[in-house]
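Source file: run.txt (compact mmCIF, C-alpha atoms)
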# COMPACT_ATOMS: atom_id res chain seq x y z
CA MET Y 1 159.11 91.63 85.91
CA SER Y 2 162.71 92.58 85.07
CA LYS Y 3 165.62 91.66 87.31
CA CYS Y 4 165.76 95.14 88.85
CA GLY Y 5 162.14 95.00 89.95
CA HIS Y 6 160.58 97.10 87.19
CA PHE Y 7 157.42 96.08 85.38
CA ASP Y 8 158.39 95.42 81.74
CA LEU Y 9 154.87 96.24 80.61
CA PHE Y 10 155.18 99.68 82.14
CA GLU Y 11 158.69 100.23 80.77
CA LEU Y 12 157.70 99.34 77.22
CA ARG Y 13 154.39 101.17 77.07
CA LEU Y 14 154.73 104.73 78.27
CA GLN Y 15 151.69 105.51 76.14
CA TYR Y 16 149.64 103.76 78.86
CA PHE Y 17 149.66 107.06 80.71
CA ALA Y 18 148.35 108.99 77.74
CA VAL Y 19 145.00 107.20 77.80
CA CYS Y 20 144.43 106.91 81.56
CA PRO Y 21 142.82 109.50 83.84
CA VAL Y 22 145.33 111.23 86.11
CA SER Y 23 143.65 109.72 89.18
CA GLN Y 24 144.12 106.22 87.75
CA ILE Y 25 147.77 106.90 86.99
CA ARG Y 26 148.40 108.03 90.54
CA ALA Y 27 146.45 105.16 92.04
CA THR Y 28 148.48 102.67 90.01
CA LEU Y 29 151.83 104.18 91.00
CA ASP Y 30 150.71 104.43 94.59
CA LYS Y 31 149.69 100.76 94.66
CA LEU Y 32 153.06 99.66 93.26
CA GLU Y 33 154.91 101.84 95.76
CA ARG Y 34 152.94 100.52 98.72
CA ARG Y 35 153.88 97.01 97.63
CA SER Y 36 157.57 98.01 97.55
CA MET Y 37 157.72 97.49 93.79
CA ASP Y 38 160.06 99.84 91.97
CA VAL Y 39 158.74 101.77 88.95
CA ALA Y 40 161.02 102.71 86.06
CA ASP Y 41 162.38 106.27 86.35
CA ASP Y 42 161.04 107.18 82.90
CA LEU Y 43 157.53 106.47 84.09
CA TRP Y 44 157.84 108.77 87.08
CA VAL Y 45 158.96 111.55 84.71
CA GLU Y 46 156.15 110.83 82.26
CA ALA Y 47 153.51 110.67 84.97
CA SER Y 48 154.87 113.78 86.66
CA GLU Y 49 154.38 115.82 83.51
CA LEU Y 50 150.81 114.58 83.09
CA CYS Y 51 150.01 115.35 86.72
CA GLN Y 52 151.36 118.91 86.73
CA ASN Y 53 147.97 120.58 86.53
CA SER Y 54 145.92 118.01 88.40
CA SER Y 55 143.52 119.18 91.12
CA ASP Y 56 142.91 116.00 93.15
CA LYS Y 57 141.74 116.70 96.71
CA ASN Y 58 144.19 116.63 99.59
CA GLY Y 59 144.02 114.40 102.64
CA PHE Y 60 143.98 115.51 106.27
CA LYS Y 61 145.64 113.63 109.14
CA THR Y 62 145.55 114.25 112.89
CA VAL Y 63 147.82 112.36 115.29
CA LEU Y 64 147.39 112.31 119.09
CA LEU Y 65 150.68 112.54 120.96
CA PRO Y 66 151.50 110.16 123.86
CA LYS Y 67 151.71 112.72 126.67
CA SER Y 68 149.37 115.47 125.53
CA GLY Y 69 148.35 117.45 122.51
CA TYR Y 70 148.24 116.51 118.85
CA PHE Y 71 149.39 117.65 115.43
CA SER Y 72 147.57 117.83 112.12
CA LEU Y 73 148.80 117.56 108.58
CA VAL Y 74 147.53 118.30 105.09
CA HIS Y 75 149.08 115.95 102.55
CA HIS Y 76 148.26 114.42 99.21
CA PRO Y 77 146.74 110.92 99.12
CA TYR Y 78 148.90 109.96 96.12
CA LEU Y 79 152.68 109.74 96.08
CA LEU Y 80 152.89 111.85 92.91
CA SER Y 81 151.19 115.23 92.62
CA CYS Y 82 151.86 118.55 90.87
CA GLY Y 83 155.02 117.19 89.31
CA THR Y 84 156.63 116.20 92.61
CA THR Y 85 156.64 113.42 95.22
CA GLY Y 86 157.02 115.94 98.06
CA LEU Y 87 153.30 116.57 98.65
CA ALA Y 88 152.72 113.02 99.91
CA THR Y 89 153.95 111.58 103.21
CA TRP Y 90 156.22 108.59 102.68
CA ASP Y 91 156.64 105.59 104.97
CA ALA Y 92 160.22 106.49 105.88
CA ALA Y 93 159.04 109.80 107.38
CA TYR Y 94 156.87 107.94 109.89
CA TYR Y 95 159.59 105.40 110.61
CA MET Y 96 162.16 108.10 111.37
CA VAL Y 97 159.82 109.58 113.97
CA ASP Y 98 159.36 106.21 115.68
CA PHE Y 99 163.14 105.72 115.67
CA MET Y 100 163.81 109.12 117.20
CA MET Y 101 161.13 108.57 119.84
CA SER Y 102 163.27 105.63 120.97
CA HIS Y 103 166.45 107.79 120.89
CA GLN Y 104 165.17 111.09 122.22
CA ASN Y 105 168.61 112.43 123.21
CA LEU Y 106 169.50 112.69 119.51
CA ILE Y 107 166.91 115.45 119.00
CA SER Y 108 166.02 117.00 122.36
CA LYS Y 109 167.61 120.46 122.89
CA ARG Y 110 169.72 120.14 119.73
CA ASN Y 111 169.85 122.08 116.45
CA VAL Y 112 168.27 119.93 113.75
CA LEU Y 113 168.45 120.29 109.97
CA GLU Y 114 166.10 118.23 107.81
CA LEU Y 115 166.88 117.72 104.12
CA GLY Y 116 163.93 117.11 101.81
CA ALA Y 117 161.33 117.82 104.49
CA GLY Y 118 158.31 117.34 102.20
CA THR Y 119 155.01 117.72 104.05
CA GLY Y 120 156.83 118.27 107.34
CA LEU Y 121 155.44 115.25 109.19
CA THR Y 122 158.79 114.15 110.63
CA GLY Y 123 159.80 117.58 111.84
CA ILE Y 124 156.40 118.57 113.22
CA ALA Y 125 156.15 115.33 115.19
CA LEU Y 126 159.69 115.72 116.57
CA ILE Y 127 159.19 119.38 117.50
CA LYS Y 128 155.92 118.62 119.29
CA SER Y 129 157.31 115.56 121.08
CA LEU Y 130 161.04 116.10 121.68
CA CYS Y 131 161.58 119.89 121.83
CA PRO Y 132 164.73 120.46 119.76
CA ALA Y 133 166.58 123.76 120.35
CA THR Y 134 166.02 124.76 116.72
CA TYR Y 135 164.59 122.95 113.71
CA VAL Y 136 165.20 123.90 110.07
CA PHE Y 137 163.01 122.39 107.36
CA THR Y 138 164.51 122.47 103.86
CA ASP Y 139 163.17 121.59 100.43
CA TYR Y 140 163.22 123.07 96.94
CA HIS Y 141 160.01 122.54 94.97
CA GLU Y 142 157.72 125.59 95.18
CA SER Y 143 154.54 123.56 95.79
CA VAL Y 144 156.24 121.50 98.50
CA LEU Y 145 157.47 124.59 100.34
CA ALA Y 146 153.98 126.11 100.19
CA ARG Y 147 152.43 122.94 101.64
CA LEU Y 148 155.14 122.71 104.29
CA LYS Y 149 154.45 126.26 105.46
CA GLU Y 150 150.72 125.52 105.44
CA ASN Y 151 151.28 122.57 107.76
CA LEU Y 152 153.52 124.60 110.07
CA GLN Y 153 150.85 127.28 110.22
CA LEU Y 154 148.21 124.65 110.95
CA ASN Y 155 150.23 123.53 113.97
CA GLY Y 156 151.15 126.99 115.26
CA LEU Y 157 154.82 126.63 114.31
CA LEU Y 158 155.24 129.03 111.39
CA ASP Y 159 155.93 132.02 113.67
CA ASN Y 160 157.92 130.02 116.22
CA PRO Y 161 161.41 131.64 116.40
CA SER Y 162 163.09 128.25 116.84
CA VAL Y 163 161.50 126.85 113.67
CA SER Y 164 162.38 127.95 110.15
CA VAL Y 165 161.99 126.94 106.52
CA ALA Y 166 164.81 127.34 104.00
CA VAL Y 167 165.08 126.77 100.26
CA LEU Y 168 167.90 124.30 99.59
CA ASP Y 169 168.71 123.28 96.03
CA TRP Y 170 170.88 120.16 96.10
CA LEU Y 171 172.23 121.03 92.66
CA ASN Y 172 173.36 124.50 93.74
CA VAL Y 173 174.18 124.60 97.44
CA GLU Y 174 174.92 127.96 99.08
CA GLU Y 175 177.72 127.52 101.61
CA ARG Y 176 176.67 130.75 103.36
CA LEU Y 177 173.24 129.26 104.12
CA LEU Y 178 174.70 126.07 105.56
CA LYS Y 179 177.04 128.00 107.87
CA GLU Y 180 174.13 130.01 109.23
CA LEU Y 181 172.16 126.87 110.07
CA ASN Y 182 174.57 125.81 112.86
CA SER Y 183 173.38 122.19 112.79
CA ASP Y 184 174.10 119.51 115.40
CA VAL Y 185 172.02 116.82 113.70
CA VAL Y 186 171.02 116.29 110.07
CA ILE Y 187 168.15 113.98 109.15
CA ALA Y 188 166.67 112.94 105.82
CA CYS Y 189 163.93 110.49 104.89
CA ASP Y 190 163.40 108.47 101.74
CA ILE Y 191 166.07 110.16 99.64
CA ALA Y 192 167.19 106.95 97.85
CA TYR Y 193 164.28 106.67 95.42
CA ASP Y 194 165.83 108.75 92.59
CA PRO Y 195 169.26 107.53 91.37
CA VAL Y 196 169.90 110.87 89.65
CA LEU Y 197 169.75 112.80 92.94
CA ILE Y 198 171.81 110.40 95.08
CA PRO Y 199 175.26 111.83 94.15
CA HIS Y 200 174.02 115.39 94.76
CA PHE Y 201 172.60 114.38 98.13
CA PHE Y 202 175.94 113.13 99.42
CA LYS Y 203 177.66 116.25 98.10
CA VAL Y 204 175.21 118.27 100.20
CA LEU Y 205 176.12 116.19 103.26
CA ASN Y 206 179.79 116.92 102.66
CA GLU Y 207 179.04 120.62 102.31
CA VAL Y 208 177.10 120.57 105.59
CA ARG Y 209 180.00 118.93 107.41
CA ARG Y 210 182.56 121.36 105.97
CA SER Y 211 180.41 124.36 106.87
CA GLN Y 212 180.21 123.48 110.58
CA GLU Y 213 183.01 123.89 113.09
CA LYS Y 214 181.83 120.90 115.10
CA MET Y 215 180.89 117.26 114.71
CA VAL Y 216 177.55 116.83 112.95
CA GLU Y 217 175.54 113.62 113.38
CA ILE Y 218 173.65 112.42 110.31
CA PHE Y 219 170.73 109.99 110.27
CA LEU Y 220 169.04 108.73 107.12
CA CYS Y 221 165.84 106.71 106.90
CA LEU Y 222 165.45 104.65 103.75
CA LYS Y 223 162.67 102.55 102.32
CA ILE Y 224 164.45 99.79 100.41
CA ARG Y 225 162.49 99.18 97.20
CA ASN Y 226 165.03 97.39 95.03
CA GLU Y 227 168.56 96.14 95.47
CA GLU Y 228 170.03 98.08 92.55
CA THR Y 229 169.07 101.46 93.98
CA LYS Y 230 170.23 100.37 97.44
CA GLU Y 231 173.62 99.31 96.05
CA LEU Y 232 173.95 102.59 94.17
CA PHE Y 233 173.17 104.52 97.34
CA PHE Y 234 175.80 102.65 99.37
CA GLU Y 235 178.37 102.92 96.57
CA GLU Y 236 177.87 106.67 96.33
CA ALA Y 237 178.17 106.99 100.10
CA GLU Y 238 181.49 105.12 99.92
CA THR Y 239 182.72 107.30 97.06
CA CYS Y 240 181.94 110.45 99.03
CA GLY Y 241 183.74 109.14 102.11
CA PHE Y 242 180.80 107.99 104.23
CA THR Y 243 180.04 104.73 106.01
CA LEU Y 244 176.39 103.79 106.57
CA GLU Y 245 175.68 101.89 109.78
CA GLU Y 246 172.19 100.53 110.32
CA GLN Y 247 170.63 101.56 113.62
CA ARG Y 248 168.45 98.72 114.83
CA PHE Y 249 165.75 99.44 117.37
CA THR Y 250 162.68 97.84 118.85
CA SER Y 251 159.67 100.05 119.32
CA ASN Y 252 157.01 98.75 121.68
CA ARG Y 253 154.51 101.30 120.46
CA SER Y 254 154.45 103.48 117.37
CA LEU Y 255 153.55 107.15 117.72
CA PHE Y 256 151.08 106.63 114.88
CA PRO Y 257 147.80 104.69 114.78
CA PHE Y 258 147.96 101.11 113.54
CA GLY Y 259 147.98 100.98 109.75
CA SER Y 260 149.26 104.56 109.28
CA TYR Y 261 152.28 103.32 107.38
CA ASP Y 262 154.12 100.20 106.28
CA SER Y 263 157.41 99.79 108.16
CA ALA Y 264 158.50 96.84 106.01
CA ASN Y 265 161.87 97.47 104.34
CA CYS Y 266 162.38 100.72 106.27
CA ALA Y 267 165.72 101.23 108.00
CA VAL Y 268 167.59 104.05 109.74
CA PHE Y 269 171.30 104.51 109.06
CA SER Y 270 173.92 106.59 110.81
CA CYS Y 271 176.02 108.31 108.14
CA ILE Y 272 179.59 108.50 109.43
CA LYS Y 273 182.46 110.32 107.72
CA LYS Y 274 185.65 108.29 107.30
CA ASN Y 275 188.80 109.65 108.95
CA ASN Y 276 190.85 109.63 105.75
CA PHE Y 277 188.39 111.86 103.86
Please re-express this file's structure in structure tokens.
Amino acid sequence: MSKCGHFDLFELRLQYFAVCPVSQIRATLDKLERRSMDVADDLWVEASELCQNSSDKNGFKTVLLPKSGYFSLVHHPYLLSCGTTGLATWDAAYYMVDFMMSHQNLISKRNVLELGAGTGLTGIALIKSLCPATYVFTDYHESVLARLKENLQLNGLLDNPSVSVAVLDWLNVEERLLKELNSDVVIACDIAYDPVLIPHFFKVLNEVRRSQEKMVEIFLCLKIRNEETKELFFEEAETCGFTLEEQRFTSNRSLFPFGSYDSANCAVFSCIKKNNF
């Protein structure tokens, strides 16, 4: 294993993917991810291209809520599908829900914007449990947006006037859209896995802050997979004028059944803008 946590065998032999069934490729990447082992970026790209036209079956999840009711979710069993990671539900999405359940005032009756919403698990759970004033799910990939809307429909939220879905391209942010969102709180889960996107992510956060005429609170949930990516994330935050403060909490009971996700190396950070920026 190299010093940054990559498997040298995988880095040196991209042709491995050319001779393996798509299901085996996904299973291998999924196993490495679940063990918090980082995979070289080139391999994600290579595997993504091979998986573009795959038709593996989706998974179905139902979660009972503490007081009453439940929510259901269609998601992909593998972390990589149809050329994107957004069709799977990542550990940080679950962890963010458990954090917010312990800090309900951050969400209840407030206008929430989620960046990179993926399957929608975080938002659906928070809407069902904490009743935000409005909730805006955003993502960019066409397949992810389709799955997100499917899950909202499944839970009776697609036609809810306080819930909406917006296309948000981090590489080409529309200031008009951000102004219309009128956000009090911004959340994002597991957005530190791709070093290429990290600078664009913090530029989006700056655009969100500039577009609002009020203080916006920002909370990020990360799954720390390797120190290099973590350092890059914190360095980029510093460059863009943000300070990341870890929010420690103790949850007596997770919203999710035991074994639903691995909370190891997950952490929630408050993203605070420095006064001199």
Taking (181.9, 124.1, 113.7) in the file's coordinates, which residues come within 12 Å, counting all atoms listed in the file, written as a ChimeraX atom specification? /Y:178-184,208-216
Tell me, in Å to one decimal, how far CA of Val112 (chain Y) is from CA of Val186 (chain Y).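 Separation of CA of Val112 (chain Y) and CA of Val186 (chain Y): 5.9 Å.
If only C-alpha atoms are the atoms counted, then among Y:Asn226, Y:Thr89, Y:Ser254, Y:Ser129 the closest residue to Val144 (chain Y) is Y:Thr89.
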Minimum-distance residue to Glu175 (chain Y), chosen among Y:Ile272, Y:Cys266, Y:Ile218, Y:Val204 (using all atoms listed in the file):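 Once distances to Glu175 (chain Y) are computed over all atoms listed in the file, the minimum belongs to Y:Val204.
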Best match for closeness to Val196 (chain Y) among Y:Asp139, Y:Asp159, Y:Glu236, Y:Glu174, counting all atoms listed in the file: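 Result for the nearest residue to Val196 (chain Y): Y:Glu236.
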